[in-house]
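Structure, as structure tokens:
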Protein chains: 4
Amino acid sequence: MTYTLTDLQHGKAEVRIVKVDRGSDDHVLHDLNVTTQLRGDFETAYTEGDNAHVHATDTQKNTVYALAREHGVTSPEDFLLTLAAHWRTQPWVSGTSLSAEQFSWLRLPTNGHSFVRSGQETRTALVETDGDATTVSAGLTDLVVLKSTGSEFHGFPRDRYTTLAETDDRILATSVTATWQYAGTPSSSGGGYDAAYDAARAAMLDAFAGTHSLALQQTIHAMGSAALDAVPEIARIHIQCPNKHHFLVDLAPFGLDNPGEVFFAADRPYGLIQATVAREAG
Amino acid sequence: MTYTLTDLQHGKAEVRIVKVDRGSDDHVLHDLNVTTQLRGDFETAYTEGDNAHVHATDTQKNTVYALAREHGVTSPEDFLLTLAAHWRTQPWVSGTSLSAEQFSWLRLPTNGHSFVRSGQETRTALVETDGDATTVSAGLTDLVVLKSTGSEFHGFPRDRYTTLAETDDRILATSVTATWQYAGTPSSSGGGYDAAYDAARAAMLDAFAGTHSLALQQTIHAMGSAALDAVPEIARIHIQCPNKHHFLVDLAPFGLDNPGEVFFAADRPYGLIQATVAREAG
Amino acid sequence: MTYTLTDLQHGKAEVRIVKVDRGSDDHVLHDLNVTTQLRGDFETAYTEGDNAHVHATDTQKNTVYALAREHGVTSPEDFLLTLAAHWRTQPWVSGTSLSAEQFSWLRLPTNGHSFVRSGQETRTALVETDGDATTVSAGLTDLVVLKSTGSEFHGFPRDRYTTLAETDDRILATSVTATWQYAGTPSSSGGGYDAAYDAARAAMLDAFAGTHSLALQQTIHAMGSAALDAVPEIARIHIQCPNKHHFLVDLAPFGLDNPGEVFFAADRPYGLIQATVAREAG
Amino acid sequence: MTYTLTDLQHGKAEVRIVKVDRGSDDHVLHDLNVTTQLRGDFETAYTEGDNAHVHATDTQKNTVYALAREHGVTSPEDFLLTLAAHWRTQPWVSGTSLSAEQFSWLRLPTNGHSFVRSGQETRTALVETDGDATTVSAGLTDLVVLKSTGSEFHGFPRDRYTTLAETDDRILATSVTATWQYAGTPSSSGGGYDAAYDAARAAMLDAFAGTHSLALQQTIHAMGSAALDAVPEIARIHIQCPNKHHFLVDLAPFGLDNPGEVFFAADRPYGLIQATVAREAG
């Protein structure tokens with residue numbers, strides 16, 4: 001029996017590249033984890049093991065390193081666009097999904113070439129092409145934030161299986177995963193993709209802190225709206241947040257009160273809330 | 001400025017439930033990690049922090065445990081269908097995505113209630129509803145397999161960035177992630193979802209082993225086709241495989257040959273190949 | 001100011017080697033993760049950056065691969081002994097700590113060269129030398145076991161901070177980490193280190209299953225004693241077990257009983273119990 | 001046959017506690033992961049399942065939470081000392097090993113109760129008691145640092161298995177794990193354990209950056225000495241550093257040079273170097 005083949009993709013995942021710009025005494029690091037995926041006319045590799053159209057994943061890896069040298073790395077988005085432009089011209093390739101994680105480093109004050117890894121979060125970027133069309137997305141994962149007050153949760157429906165007490169003061173903690181899509185190159189702010197990333201991140205942090213939260217949903221909406229407010233080129237943003245529950249420990253059995261001071265930070269299960277906030281109807 | 005809200009979902013992730021059937025001296029374990037996501041009329045939670053429509057994720061967790069007691073757990077798919085039937089009747093809910101991982105245990109011969117965790121792979125299940133429509137999918141992750149011969153890779157195009165040598169004998173190793181969608185309840189084989197899972201898994205293993213591989217793509221196609229051959233109710237299967245590279249170590253500098261005996265198992269980067277094999281055109 | 005330097009060690013960690021024995025159509029895999037650590041007269045590397053005595057860790061890695069080809073790999077213990085014999089003869093080396101993890105594979109029935117990763121646990125081995133003295137240890141990690149009945153816990157002291165209820169029927173689950181030291185080569189059973197490992201593992205599983213447990217401590221003692229019973233060359237065994245708590249879910253709020261059927265498998269915190277069982281007083 | 005039991009320990013591992021100090025509008029967070037281990041007269045639990053002397057691990061967990069409320073949490077070391085003082089007075093307990101990880105948070109500028117997780121590294125603390133004796137240790141893990149120049153490696157011995165080229169300019173990157181032991185309470189600097197931690201961390205970072213490195217060993221010695229210089233109460237420090245290799249990519253096949261710009265960041269294997277630097281001979 002013959003079946004239908006679709007969704008054919010191949011590439012090299014997690015190409016770890018560190019690019020050092022030595023143009024001045026203050027070195028600049030770009031520490032990326034790049035994944036390539038090519039789509040196209042690859043069917044005979046699957047059906048017959050004929051690799052005549054298969055851009056070997058090892059070649060894709062080499063291309064990442066070579067193009068980093070030839071074209072440099074500024075932002076992860078720009079680098080992925082460079083890669084996309086290369087593969088767009090290759091035979092048998094009809095589309096690509098190119099993604100990157102970028103890890104942040106802080107330069108130490110001692111000299112210009114010593115660094116310490118900073119931050120918990122990872123910046124992400126995604127460039128997708130389909131024929132002549134190109135989509136650029138950016139985002140972050142593992143941005144871990146916490147409010148020790150200013151969060152309530154009540155008014156939810158109670159059914160046979162509801163036991164949760166209402167609260168007007170709880171810890172709200174989450175690890176933000178966000179991905180936003182650009183409608184155009186973020187040049188208005190003058191700094192391109194890096195400045196747009198910084199502005200979106202700062203806006204989300206500010207919205208998280210500044211929102212008196214009646215639900216994690218409300219906070220997500222506020223963060224998404226803030227990113228759209230801050231960067232006009234962002235067309236839409238998807239945010240996914242686990243509710244990292246911090247349970248107030250019942251100290252009454254030990255003759256102690258617990259006025260919002262001692263919490264158990266739970267692992268699993270966790271609430272999981274998500275939404276997309278878009279500049280225009282989708 | 002007002003933005004558009006879409007993709008609203010909330011639920012409880014990673015509800016770890018172990019259900020013990022004590023119906024006979026040979027206990028039966030179902031060890032599941034369940035994630036629920038509800039979709040529906042939840043917008044005011046996001047825009048105003050009004051939770052009147054929000055089925056609290058704590059309630060969803062309780063529901064998982066209570067329904068496991070009330071209805072029992074047979075297969076993960078059947079249990080998720082039980083949960084789906086419950087939430088379909090709840091106000092404000094228009095759709096659900098309910099997923100589970102199932103971990104496998106082997107009963108020890110000493111008695112009927114002692115077990116050892118077995119296998120590397122995790123069985124997965126996914127039930128999605130949208131109004132009256134229901135889709136049941138199943139799959140597995142982390143099925144790690146290796147062939148120490150019977151794998152070649154050559155005939156790929158060579159461009160400026162190609163350095164990979166062709167080979168007619170290499171180690172082929174991967175960690176299979178597969179997800180297949182059922183067109184109907186897999187009853188023909190008599191064993192329902194459990195038997196269908198076992199049959200699909202066995203067929204994929206057999207295809208992996210039995211395919212003399214000219215490309216990992218070819219092996220993926222063979223595994224997908226074998227699953228479709230083995231279980232008639234499977235409509236389509238998506239398979240994603242990292243190419244877990246095992247590089248032959250060059251021992252010539254030490255005056256030694258290496259006739260396919262000593263390999264370095266690399267971590268990153270790795271090839272990443274995927275495809276969907278469908279019974280009918282998509 | 002001058003300080004004192006001690007505990008100088010360097011080596012290559014996590015050398016991933018897969019050795020394929022192709023002596024017959026049924027290939028044999030040894031899949032190891034080897035870590036080397038050399039001790040000796042290395043002080044000037046620390047104090048002056050003078051590497052004249054430093055066996056480069058890259059050289060140590062090469063040595064692992066080369067000696068695997070020259071001497072073959074039978075058991076991990078024997079392979080580490082081969083490495084130890086090599087480095088014992090090197091200048092400036094006074095001692096070594098050589099360890100390995102071994103991952104298990106099951107040959108698929110289709111042919112002699114296709115394998116699936118099996119088991120959750122990892123076999124471990126450690127060879128330490130100090131001058132002419134050699135110590136061989138073996139063990140395992142991540143052997144995950146569970147009893148769905150046959151476990152009690154009561155009679156513990158109650159103080160101001162005690163809230164735990166006593167129980168005469170609970171789930172007992174753990175992930176065994178064990179390390180045992182050989183007083184001599186385990187030859188009596190005819191199979192060397194591999195047979196000794198299999199015998200110790202089987203004895204521990206049997207003791208876990210067969211012990212009606214009043215405390216995880218008691219089960220640990222039974223497992224350790226069983227390993228000593230099973231393999232006369234084992235001098236002592238250290239066992240460390242997390243108590244992977246499975247809490248009976250209170251279903252009473254939902255009008256349901258829960259006669260030992262529905263459990264929440266918790267992540268953290270977990271009990272952590274350990275002991276050494278020795279053939280003779282330490 | 002009767003065997004000897006030693007190394008008896010039990011406790012609760014990974015008690016996740018977040019303590020919020022609400023004494024002012026600027027809240028203070030202590031986010032700890034506490035592990036307790038008690039040693040003492042616990043043998044009958046192992047031999048007979050008699051728990052009369054067993055301080056239940058659940059009680060130990062409760063004690064952590066209750067004492068955090070009763071005594072507050074300042075530094076992790078001080079909190080562990082509070083716990084140690086409690087268990088020292090309990091019957092059947094002869095010694096303890098109490099450890100903690102502390103995760104760092106940065107207060108956001110918006111208000112006094114919103115935080116973002118900061119830094120990659122985790123602060124660690126360990127208090128051990130044996131009868132009346134108490135030892136306080138502190139440290140850190142996962143302090144990831146990198147120098148993009150100012151690191152050489154040459155002059156190492158070459159034997160049959162040596163292929164590594166010498167280099168006078170390489171990336172040096174590592175993830176520092178350090179543990180130091182206090183000879184007395186670090187009060188001289190005025191800030192207690194927190195100020196001592198900050199001073200030791202800063203001194204190590206400064207030494208890493210400021211040392212022109214001829215070997216990672218030399219850098220380790222410099223970091224250890226710097227910590228001893230900075231905090232007079234530190235008696236000894238143990239440092240363990242993986243050499244996180246960054247390999248210069250050979251771009252010559254593509255007609256490109258690579259003057260220290262494009263690197264592959266490898267995972268495994270990695271060099272592993274360690275040493276103890278002590279104020280006085282050990």
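Chains: A, B, ... in order of the structure tokens. Residues: from 1 per chain. Ligands: from 1, in order shown.
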
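All residues within region 85-221 of chain B that the backbone DSSP calculation assigns to helix (DSSP H, G or I) are Ala85, His86, Trp87, Arg88, Gly192, Tyr193, Asp194, Ala195, Ala196, Tyr197, Asp198, Ala199, Ala200, Arg201, Ala202, Ala203, Met204, Leu205, Asp206, Ala207, Phe208, Ala209, Gly210, Leu216, Gln217, Gln218, Thr219, Ile220 and His221 of chain B.
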
For this session: Show which residues sit within 8 Å of Ala52 (chain D), as a PyMOL selection string. Count only C-alpha atoms, and ignore same-chain residues fewer than 2 positions away.
Result: (chain C and resi 155-157) or (chain D and resi 45+50+54)

Would you save the residues of that selection, restricted to N, CA, C and O atoms, as a PDB file, in the first residue's frame?
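Dumped everything to part-v2.pdb:
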ATOM      1  N   GLY C 155       4.651   4.143  64.603  1.00  0.00           N
ATOM      2  CA  GLY C 155       5.489   3.965  65.781  1.00  0.00           C
ATOM      3  C   GLY C 155       6.612   4.967  65.907  1.00  0.00           C
ATOM      4  O   GLY C 155       7.455   4.842  66.801  1.00  0.00           O
ATOM      5  N   PHE C 156       6.613   5.968  65.042  1.00  0.00           N
ATOM      6  CA  PHE C 156       7.668   6.990  65.119  1.00  0.00           C
ATOM      7  C   PHE C 156       7.304   7.994  66.221  1.00  0.00           C
ATOM      8  O   PHE C 156       6.129   8.166  66.558  1.00  0.00           O
ATOM      9  N   PRO C 157       8.302   8.650  66.801  1.00  0.00           N
ATOM     10  CA  PRO C 157       8.023   9.593  67.894  1.00  0.00           C
ATOM     11  C   PRO C 157       7.247  10.808  67.395  1.00  0.00           C
ATOM     12  O   PRO C 157       7.429  11.234  66.257  1.00  0.00           O
TER      13      PRO C 157
ATOM     14  N   ALA D  45      15.488   0.666  63.307  1.00  0.00           N
ATOM     15  CA  ALA D  45      14.624   0.905  62.141  1.00  0.00           C
ATOM     16  C   ALA D  45      15.095   0.072  60.952  1.00  0.00           C
ATOM     17  O   ALA D  45      14.278  -0.458  60.192  1.00  0.00           O
ATOM     18  N   ASP D  50      11.598  -1.004  63.494  1.00  0.00           N
ATOM     19  CA  ASP D  50      11.120  -0.348  64.720  1.00  0.00           C
ATOM     20  C   ASP D  50      11.459   1.141  64.634  1.00  0.00           C
ATOM     21  O   ASP D  50      12.628   1.522  64.675  1.00  0.00           O
ATOM     22  N   VAL D  54      12.928   7.089  65.153  1.00  0.00           N
ATOM     23  CA  VAL D  54      13.001   7.726  63.833  1.00  0.00           C
ATOM     24  C   VAL D  54      12.243   9.053  63.813  1.00  0.00           C
ATOM     25  O   VAL D  54      11.019   9.083  63.849  1.00  0.00           O
TER      26      VAL D  54
END

Problem set entry | Nearby residues (only C-alpha atoms) at most 8 Å from Thr96 (chain B), same-chain spacing under 4 positions excluded, as a PyMOL selection string | chain B and resi 36-39+84+87-88+127-130

Exercise. B:Thr124, B:Thr211, B:Thr163, B:Thr4: which is nearest chain D, counting only C-alpha atoms?
Worked result: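 Smallest separation from chain D among the options: B:Thr163.
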
For this session: Would you give me, as a PyMOL selection string, the residues of chain B that come within 7 Å of chain D, using only C-alpha atoms?
Result: chain B and resi 160-161+254+267

Problem set entry | Long-range neighbours of region 258-262 of chain A as a list in words, 7 Å cut-off, only C-alpha atoms, 3 positions minimum in chain |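 Skipping anything fewer than 3 positions along the chain leaves Leu248, Val249 and Leu251 of chain A; Ile17, Val18, Lys19, Val20, Asp21, Tyr65 and Arg69 of chain D.
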
Atoms kept (C-alpha atoms) for selection, written as a compact mmCIF listing (two decimals), in the first residue's frame:
# COMPACT_ATOMS: atom_id res chain seq x y z
CA LEU A 248 1.00 29.29 52.38
CA VAL A 249 2.11 26.69 54.92
CA LEU A 251 1.50 26.50 60.83
CA ILE D 17 10.69 27.30 51.25
CA VAL D 18 10.12 30.89 50.26
CA LYS D 19 10.21 33.26 53.22
CA VAL D 20 8.83 36.74 52.67
CA ASP D 21 9.88 39.50 55.05
CA TYR D 65 8.77 25.67 58.03
CA ARG D 69 8.41 31.47 61.15
